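Chemist: For reference, the file coords30.cif (mmCIF, C-alpha atoms and all ligand atoms) is included below:
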```
data_input
loop_
_atom_site.label_atom_id
_atom_site.label_comp_id
_atom_site.auth_asym_id
_atom_site.auth_seq_id
_atom_site.Cartn_x
_atom_site.Cartn_y
_atom_site.Cartn_z
CA MET A 1 0.00 0.00 0.00
CA LYS A 2 1.04 3.58 -0.58
CA LEU A 3 0.39 6.55 1.70
CA ILE A 4 -0.32 9.86 0.00
CA VAL A 5 0.28 12.90 2.21
CA SER A 6 -0.57 16.56 1.52
CA HIS A 7 0.26 19.82 3.29
CA SER A 8 -1.86 19.90 6.48
CA LYS A 9 -2.66 21.77 9.65
CA LEU A 10 -3.05 19.61 12.76
CA ARG A 11 -4.81 20.12 16.05
CA GLY A 12 -5.93 17.70 18.75
CA ILE A 13 -5.13 15.12 21.39
CA ALA A 14 -3.52 11.72 20.84
CA ALA A 15 -2.52 8.96 23.28
CA ALA A 16 0.99 7.58 22.76
CA PRO A 17 0.82 3.90 21.78
CA PRO A 18 2.24 1.37 24.28
CA SER A 19 6.01 1.04 24.44
CA LYS A 20 7.49 -1.54 22.09
CA SER A 21 10.65 -2.01 24.17
CA HIS A 22 8.77 -2.44 27.46
CA THR A 23 6.33 -4.89 25.83
CA HIS A 24 9.14 -7.15 24.52
CA ARG A 25 10.72 -7.22 27.97
CA ALA A 26 7.42 -7.78 29.77
CA PHE A 27 6.53 -10.79 27.57
CA ILE A 28 9.99 -12.39 27.82
CA LEU A 29 10.48 -11.87 31.55
CA ALA A 30 6.96 -13.16 32.30
CA ALA A 31 7.84 -16.29 30.31
CA LEU A 32 10.96 -16.77 32.45
CA ALA A 33 9.11 -16.41 35.76
CA GLU A 34 7.55 -19.48 37.34
CA GLY A 35 3.85 -18.64 37.82
CA THR A 36 1.39 -16.29 36.20
CA SER A 37 2.09 -12.71 35.15
CA VAL A 38 -0.38 -10.28 33.61
CA VAL A 39 0.91 -7.77 31.07
CA SER A 40 -1.65 -4.96 30.71
CA SER A 41 -1.81 -2.47 27.83
CA PRO A 42 0.92 -4.17 25.81
CA LEU A 43 1.75 -3.09 22.28
CA PHE A 44 0.18 -5.50 19.80
CA GLY A 45 2.48 -4.62 16.92
CA GLU A 46 4.20 -6.95 14.47
CA ASP A 47 7.47 -6.93 16.43
CA THR A 48 5.94 -7.61 19.82
CA ASN A 49 3.59 -10.22 18.34
CA ALA A 50 6.70 -12.01 17.06
CA THR A 51 8.07 -12.05 20.62
CA LEU A 52 4.78 -13.36 22.02
CA ASP A 53 4.61 -16.18 19.45
CA ALA A 54 8.23 -17.01 20.26
CA VAL A 55 7.76 -17.31 24.02
CA GLU A 56 4.80 -19.60 23.32
CA ALA A 57 7.03 -21.74 21.07
CA LEU A 58 9.57 -21.88 23.92
CA GLY A 59 6.92 -23.31 26.24
CA ALA A 60 5.21 -20.38 27.96
CA GLY A 61 1.42 -20.50 28.33
CA VAL A 62 -0.03 -17.43 26.59
CA SER A 63 -3.60 -16.20 26.81
CA ARG A 64 -4.33 -13.08 24.73
CA ALA A 65 -7.17 -10.70 25.66
CA LYS A 66 -8.15 -7.37 24.07
CA ASP A 67 -5.87 -5.18 26.18
CA SER A 68 -3.76 -7.66 28.15
CA VAL A 69 -1.89 -10.94 27.97
CA ILE A 70 -1.69 -13.58 30.71
CA ILE A 71 1.57 -15.51 30.61
CA SER A 72 2.37 -18.68 32.60
CA GLY A 73 6.10 -19.10 32.63
CA GLY A 74 8.97 -20.92 34.19
CA ALA A 75 9.28 -24.22 32.32
CA LEU A 76 10.81 -23.21 29.00
CA HIS A 77 12.30 -25.70 26.56
CA PRO A 78 14.04 -25.35 23.17
CA SER A 79 11.59 -24.64 20.38
CA VAL A 80 10.82 -27.50 18.01
CA LYS A 81 9.92 -25.05 15.25
CA ILE A 82 12.21 -22.36 13.88
CA ILE A 83 11.47 -19.08 15.63
CA ASP A 84 10.65 -16.41 13.04
CA CYS A 85 11.31 -12.97 14.50
CA LYS A 86 10.13 -11.27 11.26
CA ASN A 87 11.48 -7.66 11.29
CA SER A 88 12.38 -7.45 14.98
CA GLY A 89 15.98 -7.06 16.16
CA THR A 90 14.94 -6.85 19.80
CA SER A 91 13.09 -10.18 19.57
CA ILE A 92 15.80 -12.21 17.85
CA ARG A 93 18.67 -10.92 19.96
CA ILE A 94 17.05 -11.09 23.40
CA LEU A 95 15.40 -14.45 22.68
CA ALA A 96 18.70 -15.90 21.43
CA GLY A 97 20.21 -15.06 24.83
CA THR A 98 17.29 -16.81 26.53
CA ALA A 99 17.34 -19.90 24.28
CA ALA A 100 21.08 -20.24 24.89
CA GLN A 101 20.32 -20.99 28.55
CA LEU A 102 18.13 -24.01 27.65
CA HIS A 103 19.38 -27.60 27.22
CA GLY A 104 19.16 -28.18 23.47
CA THR A 105 18.97 -26.42 20.13
CA THR A 106 16.72 -23.54 19.05
CA SER A 107 16.85 -22.04 15.56
CA PHE A 108 16.00 -18.47 14.61
CA THR A 109 15.22 -16.63 11.41
CA GLY A 110 13.60 -13.39 10.26
CA ASP A 111 12.71 -11.36 7.18
CA ALA A 112 15.30 -10.19 4.64
CA SER A 113 16.07 -7.03 6.63
CA LEU A 114 16.58 -8.91 9.90
CA CYS A 115 18.69 -11.59 8.21
CA SER A 116 21.12 -8.89 7.07
CA ARG A 117 21.53 -7.23 10.50
CA PRO A 118 24.56 -8.05 12.68
CA MET A 119 24.34 -10.99 15.09
CA LYS A 120 28.00 -12.03 15.18
CA PRO A 121 29.06 -10.16 18.33
CA LEU A 122 26.27 -11.89 20.27
CA LEU A 123 26.89 -15.30 18.68
CA ASP A 124 30.63 -14.99 19.45
CA ALA A 125 29.83 -14.01 23.04
CA LEU A 126 27.53 -17.02 23.46
CA ALA A 127 30.26 -19.26 22.00
CA GLU A 128 32.72 -17.79 24.54
CA LEU A 129 30.23 -18.92 27.18
CA GLY A 130 30.24 -22.51 25.92
CA VAL A 131 27.13 -22.39 23.70
CA ALA A 132 27.35 -24.15 20.30
CA VAL A 133 26.28 -21.66 17.65
CA SER A 134 25.79 -22.18 13.96
CA SER A 135 25.25 -19.47 11.36
CA GLN A 136 26.39 -19.02 7.76
CA ASP A 137 27.83 -15.52 7.99
CA GLY A 138 27.23 -14.18 11.48
CA CYS A 139 23.63 -13.27 10.66
CA ALA A 140 20.26 -15.00 10.94
CA PRO A 141 19.26 -17.72 10.24
CA PHE A 142 21.26 -19.27 13.10
CA SER A 143 20.90 -21.83 15.88
CA VAL A 144 22.10 -21.93 19.45
CA THR A 145 22.58 -25.08 21.52
CA GLY A 146 22.71 -24.41 25.23
CA PRO A 147 23.18 -24.24 28.07
CA VAL A 148 25.62 -21.47 28.94
CA SER A 149 28.48 -22.76 31.09
CA GLY A 150 31.02 -19.89 31.21
CA THR A 151 31.16 -17.09 33.74
CA ALA A 152 32.78 -14.19 31.87
CA VAL A 153 32.23 -12.71 28.44
CA HIS A 154 33.70 -9.92 26.32
CA ILE A 155 31.50 -8.03 23.86
CA ARG A 156 31.49 -4.71 22.05
CA GLY A 157 28.81 -2.24 23.06
CA ASP A 158 28.70 -0.04 19.97
CA ILE A 159 26.82 -2.21 17.47
CA SER A 160 23.64 -2.95 19.42
CA SER A 161 22.75 -2.68 23.09
CA GLN A 162 20.34 -5.56 22.45
CA PHE A 163 23.33 -7.95 22.63
CA ILE A 164 23.94 -6.79 26.19
CA SER A 165 20.25 -6.99 27.11
CA ALA A 166 20.26 -10.55 25.73
CA LEU A 167 23.20 -11.65 27.89
CA LEU A 168 21.79 -9.96 31.01
CA ILE A 169 18.27 -11.38 30.68
CA GLY A 170 19.58 -14.92 30.18
CA ALA A 171 22.18 -14.76 32.95
CA PRO A 172 20.06 -15.37 36.09
CA LEU A 173 18.97 -18.74 34.64
CA SER A 174 22.54 -20.01 34.78
CA LYS A 175 23.95 -21.82 37.84
CA ASN A 176 27.00 -19.57 37.54
CA GLU A 177 27.45 -15.85 37.87
CA LEU A 178 28.13 -13.81 34.70
CA THR A 179 30.52 -10.91 34.24
CA VAL A 180 30.01 -8.91 31.03
CA HIS A 181 33.10 -6.94 29.96
CA LEU A 182 32.36 -4.24 27.36
CA THR A 183 35.22 -3.83 24.88
CA THR A 184 33.93 -0.48 23.51
CA PRO A 185 31.73 2.27 24.94
CA LEU A 186 28.05 1.29 25.16
CA THR A 187 25.62 3.07 22.81
CA SER A 188 21.84 2.99 23.31
CA ARG A 189 22.55 2.64 27.06
CA PRO A 190 19.02 3.62 28.21
CA TYR A 191 17.72 0.40 26.63
CA VAL A 192 20.03 -1.62 28.89
CA GLU A 193 18.78 0.44 31.81
CA MET A 194 15.21 -0.47 30.80
CA THR A 195 16.28 -4.12 30.75
CA ILE A 196 17.78 -3.93 34.23
CA ALA A 197 14.71 -2.08 35.61
CA ALA A 198 12.42 -4.75 34.13
CA MET A 199 14.57 -7.57 35.57
CA GLU A 200 14.44 -5.92 38.99
CA GLU A 201 10.64 -5.76 38.77
CA HIS A 202 10.78 -9.55 38.41
CA GLY A 203 12.98 -9.94 41.48
CA VAL A 204 16.45 -10.43 39.99
CA SER A 205 19.47 -8.19 40.38
CA VAL A 206 22.17 -6.85 38.07
CA VAL A 207 25.20 -4.85 39.18
CA THR A 208 26.73 -2.16 36.92
CA THR A 209 30.55 -2.36 37.00
CA ASP A 210 33.38 -0.16 35.69
CA ASP A 211 33.54 -1.97 32.36
CA GLY A 212 30.13 -3.60 32.10
CA PHE A 213 27.79 -5.65 34.26
CA PHE A 214 27.74 -8.48 36.80
CA VAL A 215 24.80 -10.84 37.29
CA PRO A 216 24.74 -13.26 40.24
CA GLY A 217 23.87 -16.80 39.13
CA ASN A 218 21.02 -19.06 40.15
CA GLN A 219 18.44 -16.32 40.61
CA ASN A 220 14.73 -16.91 40.11
CA TYR A 221 12.55 -14.62 38.04
CA LEU A 222 9.35 -13.98 40.00
CA PRO A 223 5.98 -13.38 38.34
CA ALA A 224 4.85 -9.74 38.23
CA ASP A 225 1.86 -7.87 36.87
CA VAL A 226 3.12 -5.10 34.64
CA ARG A 227 1.31 -2.22 32.94
CA VAL A 228 3.11 -1.04 29.81
CA GLY A 229 3.37 2.74 29.52
CA GLY A 230 3.42 4.91 26.40
CA ASP A 231 6.22 4.83 23.84
CA TYR A 232 8.33 7.99 23.62
CA SER A 233 9.89 6.90 20.30
CA SER A 234 6.44 6.64 18.67
CA ALA A 235 5.25 9.77 20.47
CA ALA A 236 8.12 11.65 18.79
CA PHE A 237 6.14 11.55 15.52
CA LEU A 238 3.15 13.11 17.28
CA PHE A 239 5.30 15.81 18.93
CA ALA A 240 6.98 16.58 15.61
CA ALA A 241 3.59 16.84 13.91
CA GLY A 242 2.55 19.46 16.49
CA ALA A 243 5.86 21.33 16.33
CA LEU A 244 5.84 21.51 12.53
CA ALA A 245 2.18 21.66 11.60
CA GLY A 246 -0.04 22.89 14.41
CA ASP A 247 -0.82 21.94 17.98
CA VAL A 248 -0.83 18.38 19.39
CA LEU A 249 -1.30 17.21 22.99
CA VAL A 250 0.13 13.75 23.69
CA THR A 251 -1.17 11.71 26.64
CA ASN A 252 -0.25 8.27 28.10
CA LEU A 253 3.34 9.27 28.92
CA ASP A 254 5.22 8.81 32.19
CA PRO A 255 8.11 11.25 32.77
CA ARG A 256 9.71 8.76 35.23
CA ASP A 257 9.95 6.11 32.52
CA PRO A 258 13.60 5.17 31.78
CA GLN A 259 13.09 5.39 27.99
CA GLY A 260 15.96 7.46 26.59
CA ASP A 261 13.81 8.78 23.75
CA LYS A 262 12.00 11.11 26.12
CA MET A 263 14.96 13.42 25.35
CA PHE A 264 13.01 14.37 22.20
CA ILE A 265 10.89 16.74 24.27
CA ASP A 266 13.98 18.60 25.55
CA LEU A 267 15.28 18.69 21.99
CA LEU A 268 12.08 20.27 20.68
CA GLU A 269 12.28 22.86 23.44
CA LYS A 270 15.92 23.60 22.53
CA LEU A 271 14.99 23.98 18.86
CA GLY A 272 12.29 26.53 19.73
CA ALA A 273 9.01 24.60 19.55
CA GLY A 274 6.28 25.54 22.03
CA ILE A 275 6.36 22.77 24.65
CA THR A 276 4.10 22.53 27.71
CA ARG A 277 4.33 19.63 30.18
CA SER A 278 1.51 18.81 32.59
CA SER A 279 2.13 17.29 36.01
CA LEU A 280 0.47 14.10 34.73
CA GLY A 281 3.12 13.65 32.04
CA ASP A 282 1.07 14.93 29.10
CA VAL A 283 3.07 17.03 26.67
CA ARG A 284 1.72 19.64 24.23
CA ALA A 285 3.81 20.58 21.19
CA VAL A 286 2.93 23.73 19.27
CA LYS A 287 4.46 25.12 16.08
CA GLY A 288 7.24 27.64 16.68
CA THR A 289 10.22 29.19 14.90
CA LEU A 290 12.93 26.54 14.98
CA HIS A 291 16.72 27.03 15.11
CA GLY A 292 19.41 24.47 14.30
CA THR A 293 21.65 22.92 16.95
CA ASP A 294 23.99 19.94 17.52
CA VAL A 295 22.34 16.75 18.76
CA ASN A 296 24.09 13.62 20.05
CA LEU A 297 21.85 10.62 19.28
CA ALA A 298 24.18 7.90 20.63
CA ASP A 299 21.61 6.92 23.26
CA ALA A 300 18.47 7.62 21.21
CA PRO A 301 19.11 6.35 17.68
CA ASP A 302 15.43 5.73 16.89
CA LEU A 303 14.86 9.50 16.94
CA PHE A 304 17.22 10.08 14.02
CA PRO A 305 14.78 10.02 11.04
CA ILE A 306 12.25 12.33 12.68
CA ALA A 307 14.97 14.60 14.13
CA ALA A 308 16.36 14.99 10.60
CA VAL A 309 12.89 15.98 9.36
CA LEU A 310 12.72 18.64 12.08
CA ALA A 311 16.21 19.84 11.15
CA THR A 312 15.02 20.67 7.62
CA GLN A 313 12.66 23.23 9.13
CA CYS A 314 15.27 24.81 11.44
CA GLU A 315 17.08 28.05 10.58
CA GLY A 316 20.80 27.41 10.25
CA THR A 317 22.79 24.21 10.60
CA THR A 318 21.75 21.12 12.57
CA ARG A 319 24.28 18.35 13.19
CA LEU A 320 22.97 14.94 14.24
CA PHE A 321 25.89 12.77 15.38
CA GLY A 322 27.09 9.92 17.62
CA ALA A 323 24.93 7.17 16.10
CA ALA A 324 26.96 5.10 13.63
CA HIS A 325 24.88 2.12 14.80
CA LEU A 326 22.00 3.58 12.76
CA ARG A 327 23.59 1.78 9.82
CA PHE A 328 22.45 -1.57 11.36
CA LYS A 329 18.74 -0.90 11.78
CA GLU A 330 15.77 -2.10 9.67
CA SER A 331 17.52 -0.08 6.93
CA ASP A 332 20.75 1.90 6.96
CA ARG A 333 18.84 4.79 8.48
CA ILE A 334 21.48 7.44 7.81
CA ARG A 335 21.33 6.58 4.12
CA SER A 336 17.55 6.04 3.87
CA THR A 337 16.78 9.28 5.74
CA ALA A 338 19.21 11.34 3.63
CA LEU A 339 17.80 9.76 0.47
CA PHE A 340 14.17 10.61 1.12
CA LEU A 341 14.81 14.09 2.48
CA ARG A 342 17.12 14.95 -0.41
CA SER A 343 14.47 13.75 -2.87
CA MET A 344 12.06 16.19 -1.17
CA GLY A 345 14.52 19.07 -1.63
CA ALA A 346 16.43 19.14 1.68
CA ASP A 347 20.07 20.20 1.98
CA ILE A 348 21.28 17.13 3.90
CA THR A 349 24.72 15.51 3.94
CA GLU A 350 25.42 12.08 5.39
CA THR A 351 28.28 11.66 7.87
CA ASP A 352 29.63 8.39 9.28
CA ASP A 353 27.55 8.74 12.43
CA GLY A 354 24.70 11.07 11.46
CA CYS A 355 24.05 13.97 9.12
CA ILE A 356 24.34 17.72 8.62
CA VAL A 357 21.27 19.68 7.54
CA ASN A 358 21.25 23.32 6.41
CA GLY A 359 17.84 24.85 6.80
CA PRO A 360 15.25 25.98 6.52
CA CYS A 361 14.55 23.90 3.40
CA THR A 362 11.48 24.17 1.23
CA LEU A 363 10.26 20.59 0.95
CA SER A 364 8.30 19.35 -2.05
CA GLY A 365 6.32 16.15 -2.39
CA ALA A 366 8.26 13.22 -3.89
CA ASN A 367 8.06 9.44 -4.22
CA VAL A 368 9.59 8.08 -1.03
CA THR A 369 11.17 4.63 -0.69
CA THR A 370 10.89 3.40 2.90
CA PHE A 371 13.02 0.24 2.44
CA GLY A 372 10.22 -1.37 4.50
CA ASP A 373 11.45 0.60 7.53
CA HIS A 374 8.66 1.77 9.85
CA ARG A 375 10.51 4.78 11.20
CA ILE A 376 11.39 6.00 7.68
CA MET A 377 7.73 5.64 6.69
CA MET A 378 6.48 7.67 9.66
CA ALA A 379 9.20 10.34 9.36
CA ALA A 380 8.40 10.77 5.65
CA ALA A 381 4.71 11.11 6.47
CA ILE A 382 5.48 13.97 8.89
CA ALA A 383 7.74 15.62 6.30
CA GLY A 384 4.83 15.38 3.85
CA LEU A 385 2.70 17.52 6.18
CA VAL A 386 4.95 20.54 5.52
CA ALA A 387 5.83 19.78 1.88
CA LYS A 388 4.36 21.43 -1.19
CA GLY A 389 2.36 18.96 -3.29
CA GLU A 390 1.81 15.27 -2.65
CA THR A 391 4.30 12.96 -0.94
CA VAL A 392 3.79 9.34 -2.00
CA ILE A 393 5.27 6.80 0.41
CA ASP A 394 5.69 3.11 -0.48
CA ASP A 395 5.21 0.12 1.85
CA ALA A 396 2.98 2.20 4.12
CA GLU A 397 1.81 -0.85 6.07
CA CYS A 398 5.30 -1.25 7.60
CA CYS A 399 4.37 1.11 10.46
CA ALA A 400 2.47 -1.88 11.94
CA VAL A 401 5.84 -3.02 13.31
CA SER A 402 5.74 -0.40 16.08
CA TYR A 403 2.69 1.87 15.60
CA PRO A 404 -0.21 0.07 13.90
CA ASN A 405 -2.65 3.02 14.34
CA PHE A 406 -0.26 5.68 13.08
CA VAL A 407 -2.20 6.69 9.96
CA ALA A 408 -5.62 6.69 11.67
CA GLU A 409 -4.20 8.72 14.56
CA MET A 410 -2.68 11.30 12.21
CA GLN A 411 -5.93 11.54 10.21
CA ALA A 412 -7.86 12.13 13.45
CA LEU A 413 -5.54 15.08 14.17
CA GLY A 414 -6.40 16.56 10.77
CA ALA A 415 -3.57 15.22 8.61
CA GLN A 416 -4.39 14.97 4.91
CA MET A 417 -3.26 11.39 4.40
CA ARG A 418 -4.81 8.51 2.49
CA LEU A 419 -3.83 4.91 1.91
CA VAL A 420 -4.18 3.67 -1.65
O1 LIG A 501 16.37 -2.91 23.34
C1 LIG A 501 15.51 -2.30 22.69
O2 LIG A 501 14.29 -2.37 22.98
C2 LIG A 501 15.93 -1.44 21.55
C3 LIG A 501 17.25 -1.04 21.44
C4 LIG A 501 17.72 -0.12 20.39
O3 LIG A 501 18.54 -0.83 19.50
P1 LIG A 501 20.16 -0.81 19.56
O4 LIG A 501 20.56 -1.19 20.91
O5 LIG A 501 20.53 -1.82 18.51
O6 LIG A 501 20.58 0.60 19.19
C5 LIG A 501 16.59 0.53 19.61
O7 LIG A 501 17.07 1.06 18.41
C6 LIG A 501 15.48 -0.47 19.31
O8 LIG A 501 14.41 0.16 18.63
C7 LIG A 501 14.91 -1.04 20.58
C1 LIG A 502 15.57 -0.57 15.54
C2 LIG A 502 14.32 -0.84 15.91
O1 LIG A 502 13.86 -2.03 16.39
P1 LIG A 502 14.53 -3.46 16.38
O2 LIG A 502 16.01 -3.29 16.54
O3 LIG A 502 13.89 -4.19 17.50
O4 LIG A 502 14.20 -4.10 15.05
C3 LIG A 502 13.29 0.24 15.88
O5 LIG A 502 12.17 -0.02 16.34
O6 LIG A 502 13.55 1.34 15.38
#
```
Can you turn what I pasted into structure tokens?
Ligand SMILES: O=C(O)C1=C[C@@H](OP(=O)(O)O)[C@@H](O)[C@H](O)C1
Ligand SMILES: C=C(OP(=O)(O)O)C(=O)O
Modeler:
Amino acid sequence: MKLIVSHSKLRGIAAAPPSKSHTHRAFILAALAEGTSVVSSPLFGEDTNATLDAVEALGAGVSRAKDSVIISGGALHPSVKIIDCKNSGTSIRILAGTAAQLHGTTSFTGDASLCSRPMKPLLDALAELGVAVSSQDGCAPFSVTGPVSGTAVHIRGDISSQFISALLIGAPLSKNELTVHLTTPLTSRPYVEMTIAAMEEHGVSVVTTDDGFFVPGNQNYLPADVRVGGDYSSAAFLFAAGALAGDVLVTNLDPRDPQGDKMFIDLLEKLGAGITRSSLGDVRAVKGTLHGTDVNLADAPDLFPIAAVLATQCEGTTRLFGAAHLRFKESDRIRSTALFLRSMGADITETDDGCIVNGPCTLSGANVTTFGDHRIMMAAAIAGLVAKGETVIDDAECCAVSYPNFVAEMQALGAQMRLV
């Protein structure tokens, strides 16, 4: 399907969809805990559905209701069928760390995008811990044959924090302790902090050390009822829509949430958008005169495509930097973002770890290739709201990965968008 977007004025209230990252963690940790856990308000997106199907294949009891999932966990076993994680890096990496703790072999695969994303640092780390791994080229499809027997592991932290989350989440299941030594600085650190917070909610502990993490062995995950809060990465598209094209109030957000992408609100404020925060966590974003600045996205890479869209509407130069790991996402997001914005008329130059944008740019509608990447699709749709003429975006259904109601939500706010 294609999405056709025209210049629009927006006004209204939208609830942020549930957090994708919290939902993955809630489903997996509930599956690891002996007993019954209830996950309320989870995200039912394609990525989190892949995780839910996978924990079922690994032996968890799963009962899906309209706005919650009941999971009976604790007695996991290797999956007899190949686990297909579709488009989801978080699913395949964290679940590989879990499957590696089980006695036997589990195989994983995904779609073409996922099968081209890096897995080797995690597979090498699992091999260092005594797990037999088999993959053709360090990518999916691959299999792991557990259990883990080692007690120390070395892994780089600058490709994906999901490798670290995978090792940490699996570790308490081992008889032995685990020390994780990072061989490079850790990027996307807030996601590891979300992992540790979620593990603590299920009664297990992780210690942060000078060069990584330490997890005591032989710990038991306890069942817990968890309510999933709103997703700041998805909300960024709503905030940007308000800041560029009108006035949008976003609800269902918790300012105490460890999600790193809540930095987007501070960024909008710094750029000059009208931002108002209520004591309940709601945030209103209103169109303002925007000015360029330098933004380090090392810890919030998912904001890159929409931050680049904002940058095109800022006076002066905006430098987005620090996020070379954007090259390993659903697409090479530095390239795919620069490509679509340049085709719309933006002055944008790729760098190794981000981009430089000279604004303000007059954007014009163009044919946008998303590369099947949900965040490129949604960023292009927001760019289309301020472009002259029609923006035609391919593969529009790919937003179902993280934000299935994106188009309906934008239309309800007054966006001129139609699916054809
Ligand atoms: O752990 C997670 O939930 C995620 C970690 C991040 O990936 P990297 O650690 O690969 O940057 C982020 O981009 C992804 O959307 C979700
Ligand atoms: C990179 C993302 O997710 P994942 O790594 O789980 O595919 C994302 O949602 O932008």
Chemist: Region 243-255 of chain A: which residues within 6 Å, counting only C-alpha atoms, same-chain residues fewer than 5 positions away excluded, as a list in words?
Modeler: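 These residues fall inside the cut-off: Lys9, Leu10, Arg11, Gly12, Ile13, Ala14, Ala15, Ala16, Gly230, Ala273, Gly281, Asp282, Val283, Arg284, Ala285, Val286 and Lys287 of chain A.
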Chemist: Between A:Thr90, A:Ser364, A:Thr318, A:Thr187, single out the one closest to Gly260 (chain A), counting only C-alpha atoms.
Modeler: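 Among the listed residues, A:Thr187 lies closest to Gly260 (chain A).
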Chemist: So that I can check the surroundings of Leu52 (chain A), please list as a ChimeraX atom specification every protein, DNA and RNA residue that reaches within 12 Å of it, counting all atoms listed in the file and ignoring chain neighbours fewer than 5 positions away.
Modeler: /A:23-31,39,42-47,57-64,68-71,83-85,88,91-92,95
Chemist: How about saving the chosen residues, C-alpha atoms kept, as a PDB file, keeping the file's coordinate frame?
Modeler:
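What follows is the written file selection.pdb:
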```pdb
ATOM      1  CA  THR A  23       6.330  -4.890  25.830  1.00  0.00           C
ATOM      2  CA  HIS A  24       9.140  -7.150  24.520  1.00  0.00           C
ATOM      3  CA  ARG A  25      10.720  -7.220  27.970  1.00  0.00           C
ATOM      4  CA  ALA A  26       7.420  -7.780  29.770  1.00  0.00           C
ATOM      5  CA  PHE A  27       6.530 -10.790  27.570  1.00  0.00           C
ATOM      6  CA  ILE A  28       9.990 -12.390  27.820  1.00  0.00           C
ATOM      7  CA  LEU A  29      10.480 -11.870  31.550  1.00  0.00           C
ATOM      8  CA  ALA A  30       6.960 -13.160  32.300  1.00  0.00           C
ATOM      9  CA  ALA A  31       7.840 -16.290  30.310  1.00  0.00           C
ATOM     10  CA  VAL A  39       0.910  -7.770  31.070  1.00  0.00           C
ATOM     11  CA  PRO A  42       0.920  -4.170  25.810  1.00  0.00           C
ATOM     12  CA  LEU A  43       1.750  -3.090  22.280  1.00  0.00           C
ATOM     13  CA  PHE A  44       0.180  -5.500  19.800  1.00  0.00           C
ATOM     14  CA  GLY A  45       2.480  -4.620  16.920  1.00  0.00           C
ATOM     15  CA  GLU A  46       4.200  -6.950  14.470  1.00  0.00           C
ATOM     16  CA  ASP A  47       7.470  -6.930  16.430  1.00  0.00           C
ATOM     17  CA  ALA A  57       7.030 -21.740  21.070  1.00  0.00           C
ATOM     18  CA  LEU A  58       9.570 -21.880  23.920  1.00  0.00           C
ATOM     19  CA  GLY A  59       6.920 -23.310  26.240  1.00  0.00           C
ATOM     20  CA  ALA A  60       5.210 -20.380  27.960  1.00  0.00           C
ATOM     21  CA  GLY A  61       1.420 -20.500  28.330  1.00  0.00           C
ATOM     22  CA  VAL A  62      -0.030 -17.430  26.590  1.00  0.00           C
ATOM     23  CA  SER A  63      -3.600 -16.200  26.810  1.00  0.00           C
ATOM     24  CA  ARG A  64      -4.330 -13.080  24.730  1.00  0.00           C
ATOM     25  CA  SER A  68      -3.760  -7.660  28.150  1.00  0.00           C
ATOM     26  CA  VAL A  69      -1.890 -10.940  27.970  1.00  0.00           C
ATOM     27  CA  ILE A  70      -1.690 -13.580  30.710  1.00  0.00           C
ATOM     28  CA  ILE A  71       1.570 -15.510  30.610  1.00  0.00           C
ATOM     29  CA  ILE A  83      11.470 -19.080  15.630  1.00  0.00           C
ATOM     30  CA  ASP A  84      10.650 -16.410  13.040  1.00  0.00           C
ATOM     31  CA  CYS A  85      11.310 -12.970  14.500  1.00  0.00           C
ATOM     32  CA  SER A  88      12.380  -7.450  14.980  1.00  0.00           C
ATOM     33  CA  SER A  91      13.090 -10.180  19.570  1.00  0.00           C
ATOM     34  CA  ILE A  92      15.800 -12.210  17.850  1.00  0.00           C
ATOM     35  CA  LEU A  95      15.400 -14.450  22.680  1.00  0.00           C
TER      36      LEU A  95
END
```
Chemist: My list of candidates is A:Cys399, A:Met194, A:Ala381, A:Leu123. Which is closest to ligand LIG 502 (chain A) when distances are computed with all atoms listed in the file?
Modeler: A:Cys399
Chemist: Which one of A:Ser41, A:Thr351, A:Ser149, A:Thr51 sits closest to Lys86 (chain A) if you count only C-alpha atoms?
Modeler: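 Of the candidates, the smallest distance to Lys86 (chain A) is held by A:Thr51.
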Chemist: Determine the axis-aligned bounding box of all atoms of region 43-61 of chain A present in the file, pad each side by 8 Å, and express its centre and edge lengths in Å to one decimal place as AutoDock Vina command-line options.
Modeler:
```
--center_x 4.9 --center_y -13.2 --center_z 21.4 --size_x 25.4 --size_y 36.2 --size_z 29.9
```
Chemist: Smallest atom-to-atom distance to ligand LIG 501 (chain A): which of A:Lys120, A:His154, A:Arg327, A:Arg277, using all atoms listed in the file?
Modeler: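 So, comparing all the options, the nearest one is A:Arg327.
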Chemist: Take CA of Val226 (chain A) and CA of Val192 (chain A) and report the distance between them in Å, one decimal.
Modeler: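 Here the two named atoms are 18.2 Å from each other.
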Chemist: Grab me every residue within 10 Å of ligand LIG 501 (chain A), counting only C-alpha atoms and all ligand atoms, and send it over as number ranges by chain.
Modeler: A: 19-25, 88-91, 93-94, 117-118, 157-166, 186-195, 233, 259-261, 298-303, 323-330, 375, 402
Chemist: Could you check the closest approach to Arg256 (chain A) for each of A:Ala198, A:Ile82, A:Ala75, A:Leu280 and tell me which residue wins, using only C-alpha atoms?
Modeler: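 Comparing A:Ala198, A:Ile82, A:Ala75, A:Leu280 against Arg256 (chain A), the winner is A:Leu280.
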Chemist: To one decimal in Å, tell me the separation between CA of Gly372 (chain A) and atom O1 of ligand LIG 502 (chain A).
Modeler: 12.5 Å
